[in-house]
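The structure under discussion appears below in the form of structure tokens.
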Amino acid sequence: MNVPADARRSAIGKLTAVVEALGTERRIADIAAATGLAASTVHRILRELVALGWARDDGAHGYLLGARLLVLAGQASDRNTLSRIAHPILRDLCHRTGLTVHLGMLTGDEAVYVDKIEGRGSYHMRSRIGVAVPLHSTAIGKALLAAMHDEELNATLDRTGLAARTAHTITDRKRLCADLAEARRRGYAVDEEENELDTRCIAAGVIDHRGAPLGAVSISALAFELDRDLVDELAPLVVAAADAVSQAIGGAGRN
């Protein structure tokens, strides 16, 4: 005797499947197809979710994510929550590389350091938690810019300009956009002494549940310590850490 697939799944498994499907589907038939559950099972779960405030009727015979669930998702955008979730991942990245690790969060037209773990070297980075840094001249900032859609990117650069921070800062917009396109292609951005002389950084973006850039993870060191060969070696670790933070907050992942 064959047992229906949805009968073999736990109640929590069915609930989770329906909630995840609500991110892209609205109608009961589509949610049933996406989850492999019977339409009657989907309808019962949705009515329970509506009663809890985790889903809502869209007024057109469909359903949307509810306010309570969206509030929970939005809490990951709070800098204290993000730092708390990300800290073990940052600590592991610091252990693997021996370099200073930062977590920056997009705040308006700047990036703000919300966590920092000092590396094992004798030289300490001057950065501090709570300090805002430019987007165009830092690895964290460029990782955030690279994750933006063209319209948002252009509007941001219109507002901020490209002020020189060092002799290496990219101040030509066309050249910066080419650099961001390369960062988007390879999955990480590099600050080549563009914000502080003698300092090189690698960063990868943290993507939230909407697919938008929320922050970025970076490693930093003196330029002679973090040479270009080492950039190629360590960049995948930075990308993996940023992806882990994105996944931990329910992010949509890297495109």
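Residues are named by chain letter and number: chains run A, B, ... in the order of the structure tokens, numbers start at 1 in each chain, and ligands are numbered from 1 in the order shown.
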Alpha helix (DSSP H) positions in segment 14-255 of chain A, given as a ChimeraX atom specification: /A:14-21,28-35,39-52,67-74,79-97,139-146,150-160,173-186,228-248
DSSP-assigned strand (DSSP E) members of segment 47-249 of chain A, reported as a ChimeraX atom specification: /A:55-57,63-65,100-107,110-117,132-133,189-192,199-207,213-222
For those residues, write C-alpha atoms to a file as a PDB file, in the first residue's frame.
ATOM      1  CA  ALA A  55       0.288  34.818   6.636  1.00  0.00           C
ATOM      2  CA  ARG A  56      -2.503  37.024   5.336  1.00  0.00           C
ATOM      3  CA  ASP A  57      -5.215  36.836   2.712  1.00  0.00           C
ATOM      4  CA  TYR A  63      -1.999  34.503   0.396  1.00  0.00           C
ATOM      5  CA  LEU A  64       1.032  36.589   1.371  1.00  0.00           C
ATOM      6  CA  LEU A  65       3.610  36.451   4.150  1.00  0.00           C
ATOM      7  CA  THR A 100      41.615  41.387  11.062  1.00  0.00           C
ATOM      8  CA  VAL A 101      37.960  40.738  10.208  1.00  0.00           C
ATOM      9  CA  HIS A 102      35.260  43.385   9.907  1.00  0.00           C
ATOM     10  CA  LEU A 103      31.514  43.267   9.480  1.00  0.00           C
ATOM     11  CA  GLY A 104      30.089  46.412   7.921  1.00  0.00           C
ATOM     12  CA  MET A 105      26.438  47.325   7.494  1.00  0.00           C
ATOM     13  CA  LEU A 106      24.937  49.598   4.860  1.00  0.00           C
ATOM     14  CA  THR A 107      23.549  52.703   6.575  1.00  0.00           C
ATOM     15  CA  GLU A 110      27.897  54.807   4.067  1.00  0.00           C
ATOM     16  CA  ALA A 111      29.028  51.542   5.599  1.00  0.00           C
ATOM     17  CA  VAL A 112      29.258  51.333   9.390  1.00  0.00           C
ATOM     18  CA  TYR A 113      31.476  48.839  11.178  1.00  0.00           C
ATOM     19  CA  VAL A 114      29.260  46.752  13.465  1.00  0.00           C
ATOM     20  CA  ASP A 115      31.824  44.129  14.469  1.00  0.00           C
ATOM     21  CA  LYS A 116      35.592  43.720  14.398  1.00  0.00           C
ATOM     22  CA  ILE A 117      37.921  40.894  15.387  1.00  0.00           C
ATOM     23  CA  ALA A 132      31.286  55.028   9.150  1.00  0.00           C
ATOM     24  CA  VAL A 133      33.412  54.624   6.015  1.00  0.00           C
ATOM     25  CA  ALA A 189      35.821  43.355  -3.887  1.00  0.00           C
ATOM     26  CA  VAL A 190      39.367  44.492  -3.120  1.00  0.00           C
ATOM     27  CA  ASP A 191      40.550  47.785  -1.629  1.00  0.00           C
ATOM     28  CA  GLU A 192      44.033  48.397  -3.027  1.00  0.00           C
ATOM     29  CA  THR A 199      46.341  48.679   3.783  1.00  0.00           C
ATOM     30  CA  ARG A 200      44.703  46.071   1.551  1.00  0.00           C
ATOM     31  CA  CYS A 201      41.264  44.561   2.168  1.00  0.00           C
ATOM     32  CA  ILE A 202      39.025  41.870   0.644  1.00  0.00           C
ATOM     33  CA  ALA A 203      35.237  41.929   1.149  1.00  0.00           C
ATOM     34  CA  ALA A 204      32.133  40.043   0.051  1.00  0.00           C
ATOM     35  CA  GLY A 205      28.541  41.157   0.431  1.00  0.00           C
ATOM     36  CA  VAL A 206      25.893  39.913   2.864  1.00  0.00           C
ATOM     37  CA  ILE A 207      22.555  39.597   1.051  1.00  0.00           C
ATOM     38  CA  PRO A 213      22.833  44.135   0.015  1.00  0.00           C
ATOM     39  CA  LEU A 214      22.657  44.458   3.800  1.00  0.00           C
ATOM     40  CA  GLY A 215      26.334  44.468   4.742  1.00  0.00           C
ATOM     41  CA  ALA A 216      29.690  42.905   3.953  1.00  0.00           C
ATOM     42  CA  VAL A 217      32.429  40.809   5.563  1.00  0.00           C
ATOM     43  CA  SER A 218      36.073  41.764   5.064  1.00  0.00           C
ATOM     44  CA  ILE A 219      39.611  40.847   5.999  1.00  0.00           C
ATOM     45  CA  SER A 220      42.303  43.525   6.240  1.00  0.00           C
ATOM     46  CA  ALA A 221      46.065  43.637   6.595  1.00  0.00           C
ATOM     47  CA  LEU A 222      49.087  45.687   5.681  1.00  0.00           C
TER      48      LEU A 222
END
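Between Arg68 of chain A and the candidates A:Thr166, A:Ala38, A:Leu52, A:Ala11, the tightest atom-to-atom separation, counting only C-alpha atoms, involves A:Leu52.
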Nearest to Asn195 of chain A, chosen from A:Ala155, A:Ala139, A:Leu144, A:Ala212, with only C-alpha atoms counted in the distances: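 Nearest candidate to Asn195 of chain A out of A:Ala155, A:Ala139, A:Leu144, A:Ala212: A:Ala139.
Take atom CA of Ile89 of chain A and atom CA of Ala240 of chain A: the distance between them is 9.6 Å.
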All residues 8 Å or closer to segment 230-234 of chain A, only C-alpha atoms, same chain fewer than 4 positions away omitted, as a list in words: Thr97, Ile202, Leu226 and Val238 of chain A
From A:Met125, A:Ala60, A:Val18, A:Ala33, residue lying nearest Glu48 of chain A [only C-alpha atoms]: A:Val18
Nearby residues (only C-alpha atoms) at most 12 Å from segment 13-16 of chain A, same-chain spacing under 5 positions excluded, as number ranges by chain: A: 5-8, 21-23, 31-32, 34-39, 41-49, 54-55
Selection export as a PDB file, in the first residue's frame, atoms kept: N, CA and C atoms:
ATOM      1  N   ALA A   5       2.664  11.097  -0.087  1.00  0.00           N
ATOM      2  CA  ALA A   5       3.919  11.751   0.305  1.00  0.00           C
ATOM      3  C   ALA A   5       3.717  12.704   1.461  1.00  0.00           C
ATOM      4  N   ASP A   6       2.604  13.473   1.436  1.00  0.00           N
ATOM      5  CA  ASP A   6       2.428  14.459   2.501  1.00  0.00           C
ATOM      6  C   ASP A   6       2.101  13.813   3.831  1.00  0.00           C
ATOM      7  N   ALA A   7       1.633  12.551   3.811  1.00  0.00           N
ATOM      8  CA  ALA A   7       1.351  11.861   5.067  1.00  0.00           C
ATOM      9  C   ALA A   7       2.633  11.425   5.751  1.00  0.00           C
ATOM     10  N   ARG A   8       3.725  11.280   4.966  1.00  0.00           N
ATOM     11  CA  ARG A   8       4.995  10.842   5.549  1.00  0.00           C
ATOM     12  C   ARG A   8       5.801  11.995   6.135  1.00  0.00           C
ATOM     13  N   ALA A  21       7.334  28.355   0.551  1.00  0.00           N
ATOM     14  CA  ALA A  21       6.682  28.551  -0.745  1.00  0.00           C
ATOM     15  C   ALA A  21       5.976  29.899  -0.824  1.00  0.00           C
ATOM     16  N   LEU A  22       5.523  30.412   0.320  1.00  0.00           N
ATOM     17  CA  LEU A  22       4.849  31.713   0.348  1.00  0.00           C
ATOM     18  C   LEU A  22       5.769  32.847  -0.094  1.00  0.00           C
ATOM     19  N   GLY A  23       7.056  32.605  -0.065  1.00  0.00           N
ATOM     20  CA  GLY A  23       7.977  33.636  -0.520  1.00  0.00           C
ATOM     21  C   GLY A  23       7.861  33.921  -2.000  1.00  0.00           C
ATOM     22  N   ILE A  31       1.093  26.686  -4.434  1.00  0.00           N
ATOM     23  CA  ILE A  31       1.835  26.284  -3.230  1.00  0.00           C
ATOM     24  C   ILE A  31       1.826  24.765  -3.098  1.00  0.00           C
ATOM     25  N   ALA A  32       0.685  24.145  -3.408  1.00  0.00           N
ATOM     26  CA  ALA A  32       0.591  22.689  -3.360  1.00  0.00           C
ATOM     27  C   ALA A  32       1.562  22.054  -4.354  1.00  0.00           C
ATOM     28  N   ALA A  34       4.321  23.410  -5.520  1.00  0.00           N
ATOM     29  CA  ALA A  34       5.698  23.683  -5.111  1.00  0.00           C
ATOM     30  C   ALA A  34       6.141  22.807  -3.947  1.00  0.00           C
ATOM     31  N   THR A  35       5.193  22.447  -3.087  1.00  0.00           N
ATOM     32  CA  THR A  35       5.539  21.695  -1.874  1.00  0.00           C
ATOM     33  C   THR A  35       5.292  20.201  -1.989  1.00  0.00           C
ATOM     34  N   GLY A  36       4.471  19.793  -2.973  1.00  0.00           N
ATOM     35  CA  GLY A  36       4.110  18.391  -3.081  1.00  0.00           C
ATOM     36  C   GLY A  36       3.045  17.971  -2.082  1.00  0.00           C
ATOM     37  N   LEU A  37       2.412  18.948  -1.437  1.00  0.00           N
ATOM     38  CA  LEU A  37       1.355  18.664  -0.472  1.00  0.00           C
ATOM     39  C   LEU A  37      -0.013  18.730  -1.142  1.00  0.00           C
ATOM     40  N   ALA A  38      -0.971  18.060  -0.554  1.00  0.00           N
ATOM     41  CA  ALA A  38      -2.341  18.136  -1.053  1.00  0.00           C
ATOM     42  C   ALA A  38      -2.877  19.548  -0.862  1.00  0.00           C
ATOM     43  N   ALA A  39      -3.732  19.986  -1.777  1.00  0.00           N
ATOM     44  CA  ALA A  39      -4.294  21.336  -1.682  1.00  0.00           C
ATOM     45  C   ALA A  39      -5.069  21.522  -0.390  1.00  0.00           C
ATOM     46  N   THR A  41      -4.407  20.113   2.457  1.00  0.00           N
ATOM     47  CA  THR A  41      -3.423  20.287   3.535  1.00  0.00           C
ATOM     48  C   THR A  41      -2.868  21.703   3.524  1.00  0.00           C
ATOM     49  N   VAL A  42      -2.545  22.203   2.323  1.00  0.00           N
ATOM     50  CA  VAL A  42      -2.038  23.570   2.191  1.00  0.00           C
ATOM     51  C   VAL A  42      -3.067  24.567   2.707  1.00  0.00           C
ATOM     52  N   HIS A  43      -4.327  24.380   2.343  1.00  0.00           N
ATOM     53  CA  HIS A  43      -5.373  25.317   2.777  1.00  0.00           C
ATOM     54  C   HIS A  43      -5.497  25.338   4.297  1.00  0.00           C
ATOM     55  N   ARG A  44      -5.454  24.154   4.922  1.00  0.00           N
ATOM     56  CA  ARG A  44      -5.559  24.085   6.387  1.00  0.00           C
ATOM     57  C   ARG A  44      -4.381  24.795   7.050  1.00  0.00           C
ATOM     58  N   ILE A  45      -3.159  24.562   6.537  1.00  0.00           N
ATOM     59  CA  ILE A  45      -1.974  25.210   7.125  1.00  0.00           C
ATOM     60  C   ILE A  45      -2.049  26.718   6.947  1.00  0.00           C
ATOM     61  N   LEU A  46      -2.478  27.165   5.773  1.00  0.00           N
ATOM     62  CA  LEU A  46      -2.572  28.604   5.527  1.00  0.00           C
ATOM     63  C   LEU A  46      -3.572  29.268   6.464  1.00  0.00           C
ATOM     64  N   ARG A  47      -4.693  28.619   6.714  1.00  0.00           N
ATOM     65  CA  ARG A  47      -5.681  29.210   7.622  1.00  0.00           C
ATOM     66  C   ARG A  47      -5.099  29.331   9.037  1.00  0.00           C
ATOM     67  N   GLU A  48      -4.299  28.342   9.443  1.00  0.00           N
ATOM     68  CA  GLU A  48      -3.661  28.405  10.758  1.00  0.00           C
ATOM     69  C   GLU A  48      -2.607  29.518  10.791  1.00  0.00           C
ATOM     70  N   LEU A  49      -1.866  29.665   9.697  1.00  0.00           N
ATOM     71  CA  LEU A  49      -0.861  30.728   9.630  1.00  0.00           C
ATOM     72  C   LEU A  49      -1.524  32.107   9.668  1.00  0.00           C
ATOM     73  N   TRP A  54       1.134  34.926  10.655  1.00  0.00           N
ATOM     74  CA  TRP A  54       2.302  34.581   9.844  1.00  0.00           C
ATOM     75  C   TRP A  54       1.988  34.628   8.351  1.00  0.00           C
ATOM     76  N   ALA A  55       0.721  34.679   8.025  1.00  0.00           N
ATOM     77  CA  ALA A  55       0.288  34.818   6.636  1.00  0.00           C
ATOM     78  C   ALA A  55      -0.953  35.701   6.633  1.00  0.00           C
TER      79      ALA A  55
END
Closest of A:His136, A:Arg184, A:Arg9, A:Lys142 to Asp172 of chain A - atom-to-atom distances counting only C-alpha atoms: A:His136
Separation of atom CA of Gly119 of chain A from atom CA of Arg84 of chain A in Å: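 Computing the Euclidean distance for atom CA of Arg84 of chain A and atom CA of Gly119 of chain A yields 19.1 Å.
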